[in-house]
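Engineer: For reference, this is coords.pdb, and it has PDB, C-alpha atoms.
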ATOM      1  CA  MET A   1      -2.861 -31.206   8.173
ATOM      2  CA  SER A   2       0.512 -30.762   6.521
ATOM      3  CA  LYS A   3       2.213 -33.092   4.117
ATOM      4  CA  ARG A   4       5.460 -34.558   5.303
ATOM      5  CA  ALA A   5       8.166 -36.080   3.156
ATOM      6  CA  ARG A   6      11.106 -38.212   4.207
ATOM      7  CA  ASN A   7      14.589 -37.128   3.276
ATOM      8  CA  ASP A   8      17.532 -39.489   2.779
ATOM      9  CA  ALA A   9      18.337 -39.477   6.502
ATOM     10  CA  GLY A  10      14.852 -40.749   7.297
ATOM     11  CA  CYS A  11      13.676 -37.521   8.963
ATOM     12  CA  ASP A  12      10.328 -35.929   8.240
ATOM     13  CA  VAL A  13      10.452 -32.613   6.332
ATOM     14  CA  ASP A  14       7.526 -30.207   6.636
ATOM     15  CA  MET A  15       6.498 -29.061   3.106
ATOM     16  CA  THR A  16       4.098 -26.345   4.291
ATOM     17  CA  PRO A  17       6.642 -23.456   4.219
ATOM     18  CA  MET A  18       7.709 -24.422   0.692
ATOM     19  CA  ILE A  19       4.099 -24.454  -0.507
ATOM     20  CA  ASP A  20       3.544 -21.043   1.137
ATOM     21  CA  VAL A  21       6.544 -19.609  -0.695
ATOM     22  CA  VAL A  22       5.329 -20.993  -4.028
ATOM     23  CA  PHE A  23       1.902 -19.394  -3.530
ATOM     24  CA  GLN A  24       3.525 -16.072  -2.599
ATOM     25  CA  LEU A  25       5.580 -16.183  -5.818
ATOM     26  CA  ILE A  26       2.497 -16.949  -7.893
ATOM     27  CA  ILE A  27       0.652 -13.993  -6.365
ATOM     28  CA  PHE A  28       3.667 -11.727  -6.944
ATOM     29  CA  PHE A  29       3.893 -12.642 -10.637
ATOM     30  CA  ILE A  30       0.158 -12.201 -11.197
ATOM     31  CA  VAL A  31       0.244  -8.725  -9.635
ATOM     32  CA  THR A  32       3.299  -7.598 -11.617
ATOM     33  CA  ILE A  33       1.854  -8.863 -14.898
ATOM     34  CA  THR A  34      -1.353  -6.914 -14.213
ATOM     35  CA  LEU A  35       0.620  -3.710 -13.578
ATOM     36  CA  ASP A  36       2.196  -3.925 -17.031
ATOM     37  CA  GLN A  37      -1.232  -3.693 -18.664
ATOM     38  CA  GLU A  38      -1.893  -0.074 -17.729
ATOM     39  CA  ILE A  39      -3.083   1.392 -21.027
ATOM     40  CA  ASN A  40      -6.650   1.383 -22.258
ATOM     41  CA  GLU A  41      -6.753  -0.820 -25.353
ATOM     42  CA  ASP A  42     -10.108   0.684 -26.449
ATOM     43  CA  ILE A  43      -8.501   4.023 -27.299
ATOM     44  CA  GLU A  44      -7.741   4.410 -31.008
ATOM     45  CA  LEU A  45      -4.995   6.963 -31.506
ATOM     46  CA  GLU A  46      -4.924   9.559 -34.271
ATOM     47  CA  TYR A  47      -2.342   9.328 -37.055
ATOM     48  CA  ALA A  48       0.444  11.964 -36.905
ATOM     49  CA  LYS A  49       3.410  11.089 -39.107
ATOM     50  CA  HIS A  50       5.471  14.236 -38.416
ATOM     51  CA  GLY A  51       5.480  14.130 -34.621
ATOM     52  CA  PRO A  52       8.531  13.151 -32.565
ATOM     53  CA  ILE A  53       8.854   9.504 -31.581
ATOM     54  CA  ILE A  54       8.884   8.870 -27.842
ATOM     55  CA  GLU A  55      11.153   5.923 -27.068
ATOM     56  CA  LYS A  56      10.378   5.942 -23.369
ATOM     57  CA  GLU A  57       8.451   8.247 -21.103
ATOM     58  CA  LEU A  58      10.448  10.720 -19.073
ATOM     59  CA  GLU A  59      10.958  10.273 -15.358
ATOM     60  CA  ARG A  60       7.994  11.322 -13.208
ATOM     61  CA  SER A  61       5.816  11.810 -16.289
ATOM     62  CA  ILE A  62       2.133  10.968 -16.176
ATOM     63  CA  THR A  63      -0.132   9.729 -18.967
ATOM     64  CA  ILE A  64      -3.752  10.846 -18.869
ATOM     65  CA  GLU A  65      -6.170   8.940 -21.092
ATOM     66  CA  VAL A  66      -9.405  10.363 -22.520
ATOM     67  CA  ASP A  67     -11.669   7.912 -24.312
ATOM     68  CA  ASP A  68     -14.217   8.673 -27.023
ATOM     69  CA  ARG A  69     -16.989   9.132 -24.428
ATOM     70  CA  GLY A  70     -14.955  11.736 -22.521
ATOM     71  CA  HIS A  71     -14.029   9.477 -19.604
ATOM     72  CA  ILE A  72     -10.699  10.439 -18.059
ATOM     73  CA  SER A  73      -8.379   7.831 -16.552
ATOM     74  CA  ILE A  74      -4.859   7.296 -15.289
ATOM     75  CA  GLN A  75      -3.613   3.697 -15.481
ATOM     76  CA  ASN A  76      -7.181   2.513 -16.174
ATOM     77  CA  ALA A  77      -8.528   4.173 -13.009
ATOM     78  CA  GLN A  78     -11.434   6.357 -14.087
ATOM     79  CA  LEU A  79     -11.385   9.862 -12.575
ATOM     80  CA  SER A  80     -13.656  12.865 -12.330
ATOM     81  CA  LEU A  81     -12.290  16.282 -13.266
ATOM     82  CA  THR A  82     -12.186  17.208  -9.569
ATOM     83  CA  LYS A  83     -10.194  14.113  -8.663
ATOM     84  CA  LEU A  84      -7.807  14.653 -11.594
ATOM     85  CA  HIS A  85      -7.243  18.243 -10.465
ATOM     86  CA  SER A  86      -6.496  17.030  -6.934
ATOM     87  CA  ILE A  87      -4.027  14.392  -8.169
ATOM     88  CA  MET A  88      -2.238  16.824 -10.450
ATOM     89  CA  ALA A  89      -2.043  19.537  -7.769
ATOM     90  CA  ASN A  90      -0.631  17.086  -5.213
ATOM     91  CA  ARG A  91       1.895  15.735  -7.699
ATOM     92  CA  THR A  92       2.984  19.246  -8.609
ATOM     93  CA  LYS A  93       3.525  20.080  -4.931
ATOM     94  CA  LYS A  94       5.580  16.909  -4.505
ATOM     95  CA  PHE A  95       7.690  16.894  -7.700
ATOM     96  CA  GLY A  96       7.418  20.400  -9.129
ATOM     97  CA  GLU A  97       7.003  20.505 -12.894
ATOM     98  CA  PHE A  98       6.804  17.172 -14.750
ATOM     99  CA  PRO A  99       5.820  16.120 -18.284
ATOM    100  CA  VAL A 100       2.196  15.235 -18.997
ATOM    101  CA  TYR A 101       1.177  12.979 -21.878
ATOM    102  CA  ILE A 102      -2.429  13.067 -23.068
ATOM    103  CA  ARG A 103      -3.514   9.872 -24.807
ATOM    104  CA  ALA A 104      -6.888  10.681 -26.370
ATOM    105  CA  ASP A 105      -9.053   8.644 -28.704
ATOM    106  CA  LYS A 106      -9.271   9.993 -32.246
ATOM    107  CA  ASP A 107     -13.045  10.481 -31.799
ATOM    108  CA  THR A 108     -12.780  12.345 -28.474
ATOM    109  CA  LYS A 109     -14.438  15.758 -28.387
ATOM    110  CA  HIS A 110     -11.997  18.637 -28.160
ATOM    111  CA  ALA A 111     -13.858  19.996 -25.111
ATOM    112  CA  ASP A 112     -12.966  16.839 -23.143
ATOM    113  CA  VAL A 113      -9.261  17.165 -24.005
ATOM    114  CA  LYS A 114      -9.393  20.909 -23.311
ATOM    115  CA  SER A 115     -10.699  20.261 -19.782
ATOM    116  CA  VAL A 116      -7.608  18.097 -19.085
ATOM    117  CA  MET A 117      -5.365  20.800 -20.552
ATOM    118  CA  ASP A 118      -7.102  23.440 -18.404
ATOM    119  CA  ILE A 119      -6.347  21.407 -15.284
ATOM    120  CA  CYS A 120      -2.678  21.185 -16.303
ATOM    121  CA  THR A 121      -2.597  24.957 -16.814
ATOM    122  CA  ASP A 122      -4.334  25.563 -13.489
ATOM    123  CA  VAL A 123      -1.632  23.618 -11.573
ATOM    124  CA  ASN A 124       1.185  25.301 -13.567
ATOM    125  CA  LEU A 125       2.140  22.372 -15.785
ATOM    126  CA  TRP A 126       3.263  23.469 -19.234
ATOM    127  CA  ARG A 127       5.072  20.408 -20.635
ATOM    128  CA  VAL A 128       1.992  18.774 -22.165
ATOM    129  CA  SER A 129       2.328  16.417 -25.148
ATOM    130  CA  PHE A 130      -0.142  14.318 -27.106
ATOM    131  CA  ILE A 131       0.376  10.659 -27.890
ATOM    132  CA  ALA A 132      -0.462   9.624 -31.460
ATOM    133  CA  MET A 133       0.499   6.871 -33.900
ATOM    134  CA  ASN A 134       3.395   7.564 -36.253
ATOM    135  CA  ASP A 135       2.278   4.942 -38.796
ATOM    136  CA  ASP A 136      -1.075   4.781 -40.511
ATOM    137  CA  LYS A 137      -2.163   1.208 -39.665
ATOM    138  CA  SER A 138      -5.794   1.635 -40.705
TER     139      SER A 138
END
Written as structure tokens, how would this file's structure read?

Structural biologist:
Amino acid sequence: MSKRARNDAGCDVDMTPMIDVVFQLIIFFIVTITLDQEINEDIELEYAKHGPIIEKELERSITIEVDDRGHISIQNAQLSLTKLHSIMANRTKKFGEFPVYIRADKDTKHADVKSVMDICTDVNLWRVSFIAMNDDKS
């Protein structure tokens, strides 16, 4: 049953379409807010005061995260090494060479980061950078 309101002319106005639009807007804003939160907050970055400061990521770049347990993810979607290789190979076919940022926890084993670097090498990606903190906030 829909709610009806009377306008000044005395006619009934169906409010259902307006309510539908409001719900669609609410859903849209919830989804877009969730997309902004794409980094893993559990990763503690290493301190590197002499590295270049990245103001914004380059076009078509990709950030690969490696946590302290060796789990690999892109935008909080956990991936196996096989799946990461598939994604990187497909992206390379589509875009050619693109920058890769590795965002690893300061306690991550080097072998876990090396496996990500090996995948980049295997698909002919050479523009690999590491994300670190430029200020010691400990």

Engineer: A:Ile27, A:Ile102, A:Val116, A:Val13: which is nearest Lys83 (chain A), counting only C-alpha atoms?

Structural biologist: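 Under the stated criterion, the closest residue is A:Val116.
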
Engineer: For a test of reading the model, state the distance in Å between CA of Ala132 (chain A) and CA of Asp68 (chain A), rounded to one decimal.

Structural biologist: 14.5 Å

Engineer: Just give me the gap between CA of Pro99 (chain A) and CA of Glu65 (chain A) in Å, one decimal is fine.

Structural biologist: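 Interatomic distance here is 14.3 Å.
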
Engineer: If you measure from CA of Ile131 (chain A) to CA of Tyr101 (chain A), what distance in Å do you get, rounded to one decimal?

Structural biologist: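 Between CA of Ile131 (chain A) and CA of Tyr101 (chain A) the gap is 6.5 Å.
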
Engineer: Show me, as number ranges by chain, the residues that have an atom within 12 Å of region 91-96 of chain A when counting only C-alpha atoms, minus same-chain residues fewer than 2 positions from it.

Structural biologist: A: 59-62, 84-89, 98-100, 119-127

Engineer: Would you write out, as a list in words, every residue that the PyMOL selection byres ((chain A and resi 69) around 12) captures in this file?

Structural biologist: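 Checked against the file, the PyMOL selection byres ((chain A and resi 69) around 12) matches Asp42, Ile43, Glu65, Val66, Asp67, Asp68, Gly70, His71, Ile72, Ser73, Ala104, Asp105, Lys106, Asp107, Thr108, Lys109, His110, Ala111, Asp112 and Val113 of chain A.
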
Engineer: I need the residue nearest Ser115 (chain A) from this list: A:Gln75, A:Ile64, A:Met15, A:Asn134. Use all atoms listed in the file for the distance.

Structural biologist: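 Residue with the minimum atom-to-atom distance to Ser115 (chain A): A:Ile64.
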